[in-house]
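Worksheet: one structure, shown below.
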Amino acid sequence: MSNEHDKQRGESAEEALRNIVEGFQRFRDEVFPQQEELFKKLAHEQKPRAMFITCADSRIVPELITQSSPGDLFVTRNVGNVVPPYGQMNGGVSTAIEFAVMALGVHHIIICGHSDCGAMKAVLDPQTLERMPTVKAWLRHAEVAKVVVQENCGCATHETLEVLTEENVVAQLDHLRTHPSVAARLASGQLFIHGWVYDIETSVIKAYDAELGRFRVIGDGPLPMATPRPRYQSE
């Protein structure tokens, strides 16, 4: 029952599922008892610190990267950490944004891309998506980043993926601001937005600095912010 990919991983489909189930059993028997009070508090309400929109890539674990506990992050994941503009595709991402802002009252939304992103590779080489029409349609929301890079970057081939990954985060931040719930709270200074790119190999995170118009490493000087200036902030 194993295919070539299973052989490369060194485990069959049955072994993969067994490992997942055994992991749950360890959580239930060893981890849960140590944090039972926390889970009792979380059983009937959530008050997350931030919404975290990132790629579905299995290598990206928001809670691990930020050392967050259950209840800290309201996470939404999809191929390419995409945020469709409001009104075009009011599906899962748009619904999650509206719920996070209006119902949960989050003060921060983080859009996090990452190195070696398969979605961004596909944007650069769309022929790889001919047999995946749904993915191809979804990644049209990253087309703006591709055009920006093509017309402005002049970068070497090995740099294009990195630059595209950053530009895609900027593009999705722009899309995020088209959502009425987001736009209203940005204008009043109640919401802050952030654009990050996480490097899998080094653990470095670069954040978009809207004032400088470029990404800077988190930890190198003041924290870069992507939030526009509020226009209706109360005195």
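Scheme for the structure tokens: letters A, B, ... for chains in order shown; per-chain residue numbers from 1; ligand numbers from 1 in order shown.
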
For this session: Give me the residues within 7 Å of Tyr198 (chain A) as a VMD selection string, counting only C-alpha atoms and dropping any in the same chain fewer than 3 places off.
Result: chain A and resid 112 to 115 203 to 206

For this session: Looking only at alpha helix (DSSP H) from DSSP on the backbone, list the matching residues of region 141-235 of chain A as a PyMOL selection string.
Result: chain A and resi 143-152+157-176+180-187

For this session: Kindly indicate which residue among A:Glu22, A:Glu15, A:Glu159, A:Asp199 lies nearest to Lys121 (chain A), using only C-alpha atoms for the distances.
Result: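 Nearest candidate to Lys121 (chain A) out of A:Glu22, A:Glu15, A:Glu159, A:Asp199: A:Glu159.
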
Problem set entry | Between CA of Ala207 (chain A) and CA of Ala187 (chain A), distance in Å (one decimal) |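 Computing the Euclidean distance for CA of Ala207 (chain A) and CA of Ala187 (chain A) yields 21.3 Å.
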
For this session: Would you please work out which residue, of A:Pro230, A:Gly189, A:Gly213, A:Gly80, is nearest to Gly118 (chain A) when using only C-alpha atoms?
Result: A:Gly80

Seminar exercise, completed: Counting only C-alpha atoms, the residue among A:Gly105, A:Pro85, A:Gly10, A:Pro180 that lies closest to Pro48 (chain A) is A:Gly105

Write out as a Markdown table a residue-level contact list of region 10-30 of chain A versus region 34-43 of chain A with cut-off 12 Å: for each qualifying residue the closest pair of atoms and the distance in Å to one decimal, counting only C-alpha atoms, rows sorted by chain and residue number upward.
| residue | atom | partner | partner_atom | distance |
| --- | --- | --- | --- | --- |
| A:Arg26 | CA | A:Gln34 | CA | 11.9 |
| A:Phe27 | CA | A:Gln34 | CA | 9.9 |
| A:Arg28 | CA | A:Gln34 | CA | 9.9 |
| A:Asp29 | CA | A:Gln34 | CA | 9.4 |
| A:Glu30 | CA | A:Gln34 | CA | 7.1 |

Dump as a PDB file, in the first residue's frame, selection limited to N, CA and C atoms:
ATOM      1  N   ARG A  26       0.041  10.094  23.380  1.00  0.00           N
ATOM      2  CA  ARG A  26       1.040  10.681  24.279  1.00  0.00           C
ATOM      3  C   ARG A  26       0.572  12.035  24.800  1.00  0.00           C
ATOM      4  N   PHE A  27      -0.055  12.805  23.909  1.00  0.00           N
ATOM      5  CA  PHE A  27      -0.604  14.093  24.339  1.00  0.00           C
ATOM      6  C   PHE A  27      -1.650  13.894  25.425  1.00  0.00           C
ATOM      7  N   ARG A  28      -2.574  12.962  25.192  1.00  0.00           N
ATOM      8  CA  ARG A  28      -3.661  12.728  26.144  1.00  0.00           C
ATOM      9  C   ARG A  28      -3.143  12.220  27.487  1.00  0.00           C
ATOM     10  N   ASP A  29      -2.151  11.345  27.431  1.00  0.00           N
ATOM     11  CA  ASP A  29      -1.683  10.697  28.669  1.00  0.00           C
ATOM     12  C   ASP A  29      -0.609  11.488  29.402  1.00  0.00           C
ATOM     13  N   GLU A  30       0.228  12.259  28.658  1.00  0.00           N
ATOM     14  CA  GLU A  30       1.374  12.905  29.280  1.00  0.00           C
ATOM     15  C   GLU A  30       1.290  14.436  29.297  1.00  0.00           C
TER      16      GLU A  30
END

For this session: Considering only C-alpha atoms, return as JSON, numbers by chain whatever protein or nucleic-acid residues lie within 10 Å of Trp138 (chain A), sequence-local ones (same chain, fewer than 4 positions apart) excluded.
Result: {"A": [78, 79, 80, 82, 83, 84, 89, 133, 134, 142, 143]}

For this session: Check the DSSP output for the backbone and give back, as an MDAnalysis selection string, the residues of region 24-109 of chain A in strand (DSSP E or B).
Result: chainID A and resid 50:55 73:78 108:109

Could you write those residues out with N, CA and C atoms, as a PDB file, in the first residue's frame?
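Below you can see out_29.pdb, which holds the result:
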ATOM      1  N   ALA A  50      -3.477  37.198  18.751  1.00  0.00           N
ATOM      2  CA  ALA A  50      -3.328  37.631  17.364  1.00  0.00           C
ATOM      3  C   ALA A  50      -3.945  36.619  16.427  1.00  0.00           C
ATOM      4  N   MET A  51      -4.273  37.091  15.226  1.00  0.00           N
ATOM      5  CA  MET A  51      -4.606  36.199  14.122  1.00  0.00           C
ATOM      6  C   MET A  51      -3.324  35.967  13.330  1.00  0.00           C
ATOM      7  N   PHE A  52      -3.075  34.719  12.964  1.00  0.00           N
ATOM      8  CA  PHE A  52      -1.843  34.363  12.260  1.00  0.00           C
ATOM      9  C   PHE A  52      -2.234  33.672  10.959  1.00  0.00           C
ATOM     10  N   ILE A  53      -2.011  34.355   9.832  1.00  0.00           N
ATOM     11  CA  ILE A  53      -2.336  33.813   8.509  1.00  0.00           C
ATOM     12  C   ILE A  53      -1.046  33.340   7.869  1.00  0.00           C
ATOM     13  N   THR A  54      -0.948  32.053   7.606  1.00  0.00           N
ATOM     14  CA  THR A  54       0.298  31.526   7.057  1.00  0.00           C
ATOM     15  C   THR A  54       0.026  30.424   6.054  1.00  0.00           C
ATOM     16  N   CYS A  55       1.094  29.869   5.523  1.00  0.00           N
ATOM     17  CA  CYS A  55       1.002  28.844   4.488  1.00  0.00           C
ATOM     18  C   CYS A  55       0.635  27.499   5.104  1.00  0.00           C
ATOM     19  N   LEU A  73      -3.088  31.977  19.593  1.00  0.00           N
ATOM     20  CA  LEU A  73      -3.127  32.349  18.183  1.00  0.00           C
ATOM     21  C   LEU A  73      -4.388  31.820  17.515  1.00  0.00           C
ATOM     22  N   PHE A  74      -5.021  32.677  16.724  1.00  0.00           N
ATOM     23  CA  PHE A  74      -6.140  32.277  15.875  1.00  0.00           C
ATOM     24  C   PHE A  74      -5.542  32.069  14.487  1.00  0.00           C
ATOM     25  N   VAL A  75      -5.320  30.818  14.117  1.00  0.00           N
ATOM     26  CA  VAL A  75      -4.505  30.489  12.942  1.00  0.00           C
ATOM     27  C   VAL A  75      -5.369  30.154  11.735  1.00  0.00           C
ATOM     28  N   THR A  76      -5.024  30.726  10.609  1.00  0.00           N
ATOM     29  CA  THR A  76      -5.627  30.381   9.320  1.00  0.00           C
ATOM     30  C   THR A  76      -4.506  30.024   8.362  1.00  0.00           C
ATOM     31  N   ARG A  77      -4.629  28.864   7.716  1.00  0.00           N
ATOM     32  CA  ARG A  77      -3.574  28.398   6.824  1.00  0.00           C
ATOM     33  C   ARG A  77      -4.151  28.078   5.456  1.00  0.00           C
ATOM     34  N   ASN A  78      -3.391  28.413   4.421  1.00  0.00           N
ATOM     35  CA  ASN A  78      -3.784  28.041   3.055  1.00  0.00           C
ATOM     36  C   ASN A  78      -2.549  28.057   2.169  1.00  0.00           C
ATOM     37  N   HIS A 108      -4.035  42.223  16.531  1.00  0.00           N
ATOM     38  CA  HIS A 108      -2.950  42.025  15.574  1.00  0.00           C
ATOM     39  C   HIS A 108      -3.328  40.960  14.553  1.00  0.00           C
ATOM     40  N   ILE A 109      -2.992  41.213  13.296  1.00  0.00           N
ATOM     41  CA  ILE A 109      -3.082  40.195  12.247  1.00  0.00           C
ATOM     42  C   ILE A 109      -1.705  40.094  11.601  1.00  0.00           C
TER      43      ILE A 109
END

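Here CA of His44 (chain A) stands at a distance of 27.1 Å from CA of Ala56 (chain A).
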
For this session: Pick out the closest residue to Ala145 (chain A) from this set: A:Val170, A:Val217, A:Leu161, A:Ala122. Count only C-alpha atoms.
Result: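 Result for the nearest residue to Ala145 (chain A): A:Val170.
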
Problem set entry | One-decimal distance in Å that lies between CA of Gly195 (chain A) and CA of Gln172 (chain A) |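 Separation between CA of Gln172 (chain A) and CA of Gly195 (chain A): 8.7 Å.
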
For this session: Determine, counting only C-alpha atoms, which protein, DNA and RNA residues have an atom within 12 Å of an atom of Tyr232 (chain A); residues of the same chain fewer than 3 positions away are not included. Present the result as an NGL selection string.
Result: :A and (183-190 or 228-229 or 235)

Can you spit out the residues from that selection as a PDB file, in the first residue's frame, using all heavy atoms?
ATOM      1  N   ALA A 183     -10.339  47.449   7.649  1.00  0.00           N
ATOM      2  CA  ALA A 183     -10.143  48.861   7.302  1.00  0.00           C
ATOM      3  C   ALA A 183     -10.668  49.778   8.399  1.00  0.00           C
ATOM      4  O   ALA A 183     -10.025  50.781   8.753  1.00  0.00           O
ATOM      5  CB  ALA A 183     -10.834  49.171   5.974  1.00  0.00           C
ATOM      6  N   ALA A 184     -11.820  49.435   8.965  1.00  0.00           N
ATOM      7  CA  ALA A 184     -12.417  50.285   9.991  1.00  0.00           C
ATOM      8  C   ALA A 184     -11.549  50.346  11.232  1.00  0.00           C
ATOM      9  O   ALA A 184     -11.330  51.424  11.811  1.00  0.00           O
ATOM     10  CB  ALA A 184     -13.813  49.765  10.340  1.00  0.00           C
ATOM     11  N   ARG A 185     -11.019  49.202  11.646  1.00  0.00           N
ATOM     12  CA  ARG A 185     -10.245  49.189  12.895  1.00  0.00           C
ATOM     13  C   ARG A 185      -8.806  49.673  12.691  1.00  0.00           C
ATOM     14  O   ARG A 185      -8.183  50.159  13.628  1.00  0.00           O
ATOM     15  CB  ARG A 185     -10.299  47.797  13.514  1.00  0.00           C
ATOM     16  CG  ARG A 185     -11.738  47.424  13.862  1.00  0.00           C
ATOM     17  CD  ARG A 185     -11.891  46.513  15.022  1.00  0.00           C
ATOM     18  NE  ARG A 185     -13.301  46.330  15.316  1.00  0.00           N
ATOM     19  CZ  ARG A 185     -13.765  45.619  16.321  1.00  0.00           C
ATOM     20  NH1 ARG A 185     -12.923  45.024  17.158  1.00  0.00           N
ATOM     21  NH2 ARG A 185     -15.059  45.494  16.530  1.00  0.00           N
ATOM     22  N   LEU A 186      -8.300  49.560  11.468  1.00  0.00           N
ATOM     23  CA  LEU A 186      -7.017  50.196  11.166  1.00  0.00           C
ATOM     24  C   LEU A 186      -7.160  51.709  11.256  1.00  0.00           C
ATOM     25  O   LEU A 186      -6.295  52.406  11.802  1.00  0.00           O
ATOM     26  CB  LEU A 186      -6.539  49.804   9.765  1.00  0.00           C
ATOM     27  CG  LEU A 186      -5.954  48.409   9.575  1.00  0.00           C
ATOM     28  CD1 LEU A 186      -5.690  48.160   8.095  1.00  0.00           C
ATOM     29  CD2 LEU A 186      -4.670  48.236  10.380  1.00  0.00           C
ATOM     30  N   ALA A 187      -8.263  52.213  10.717  1.00  0.00           N
ATOM     31  CA  ALA A 187      -8.480  53.664  10.692  1.00  0.00           C
ATOM     32  C   ALA A 187      -8.611  54.237  12.093  1.00  0.00           C
ATOM     33  O   ALA A 187      -8.232  55.390  12.338  1.00  0.00           O
ATOM     34  CB  ALA A 187      -9.728  53.991   9.866  1.00  0.00           C
ATOM     35  N   SER A 188      -9.137  53.439  13.032  1.00  0.00           N
ATOM     36  CA  SER A 188      -9.340  53.928  14.393  1.00  0.00           C
ATOM     37  C   SER A 188      -8.184  53.570  15.323  1.00  0.00           C
ATOM     38  O   SER A 188      -8.219  53.892  16.511  1.00  0.00           O
ATOM     39  CB  SER A 188     -10.645  53.359  14.962  1.00  0.00           C
ATOM     40  OG  SER A 188     -10.578  51.952  15.065  1.00  0.00           O
ATOM     41  N   GLY A 189      -7.171  52.890  14.798  1.00  0.00           N
ATOM     42  CA  GLY A 189      -6.012  52.546  15.622  1.00  0.00           C
ATOM     43  C   GLY A 189      -6.242  51.385  16.558  1.00  0.00           C
ATOM     44  O   GLY A 189      -5.455  51.172  17.490  1.00  0.00           O
ATOM     45  N   GLN A 190      -7.291  50.588  16.303  1.00  0.00           N
ATOM     46  CA  GLN A 190      -7.588  49.440  17.159  1.00  0.00           C
ATOM     47  C   GLN A 190      -6.961  48.141  16.657  1.00  0.00           C
ATOM     48  O   GLN A 190      -7.001  47.130  17.366  1.00  0.00           O
ATOM     49  CB  GLN A 190      -9.100  49.244  17.270  1.00  0.00           C
ATOM     50  CG  GLN A 190      -9.841  50.394  17.891  1.00  0.00           C
ATOM     51  CD  GLN A 190     -11.334  50.153  17.900  1.00  0.00           C
ATOM     52  OE1 GLN A 190     -11.847  49.357  18.677  1.00  0.00           O
ATOM     53  NE2 GLN A 190     -12.041  50.825  17.001  1.00  0.00           N
ATOM     54  N   PRO A 228      -0.717  51.040   8.629  1.00  0.00           N
ATOM     55  CA  PRO A 228      -0.818  52.444   8.208  1.00  0.00           C
ATOM     56  C   PRO A 228      -1.196  53.334   9.391  1.00  0.00           C
ATOM     57  O   PRO A 228      -1.727  52.861  10.394  1.00  0.00           O
ATOM     58  CB  PRO A 228      -1.929  52.403   7.164  1.00  0.00           C
ATOM     59  CG  PRO A 228      -2.745  51.201   7.501  1.00  0.00           C
ATOM     60  CD  PRO A 228      -1.785  50.207   8.063  1.00  0.00           C
ATOM     61  N   ARG A 229      -0.961  54.617   9.259  1.00  0.00           N
ATOM     62  CA  ARG A 229      -1.263  55.570  10.329  1.00  0.00           C
ATOM     63  C   ARG A 229      -2.780  55.660  10.519  1.00  0.00           C
ATOM     64  O   ARG A 229      -3.522  55.847   9.554  1.00  0.00           O
ATOM     65  CB  ARG A 229      -0.674  56.933   9.983  1.00  0.00           C
ATOM     66  CG  ARG A 229      -0.711  57.935  11.135  1.00  0.00           C
ATOM     67  CD  ARG A 229      -0.094  59.254  10.692  1.00  0.00           C
ATOM     68  NE  ARG A 229       1.279  59.050  10.236  1.00  0.00           N
ATOM     69  CZ  ARG A 229       2.331  59.004  11.017  1.00  0.00           C
ATOM     70  NH1 ARG A 229       2.176  59.118  12.324  1.00  0.00           N
ATOM     71  NH2 ARG A 229       3.546  58.844  10.512  1.00  0.00           N
ATOM     72  N   GLU A 235      -8.584  60.975  20.977  1.00  0.00           N
ATOM     73  CA  GLU A 235      -7.573  61.722  21.717  1.00  0.00           C
ATOM     74  C   GLU A 235      -7.307  61.076  23.070  1.00  0.00           C
ATOM     75  O   GLU A 235      -8.208  60.565  23.697  1.00  0.00           O
ATOM     76  CB  GLU A 235      -8.065  63.153  21.936  1.00  0.00           C
ATOM     77  CG  GLU A 235      -8.221  63.943  20.654  1.00  0.00           C
ATOM     78  CD  GLU A 235      -6.919  64.144  19.927  1.00  0.00           C
ATOM     79  OE1 GLU A 235      -5.854  64.172  20.597  1.00  0.00           O
ATOM     80  OE2 GLU A 235      -6.966  64.273  18.697  1.00  0.00           O
TER      81      GLU A 235
END
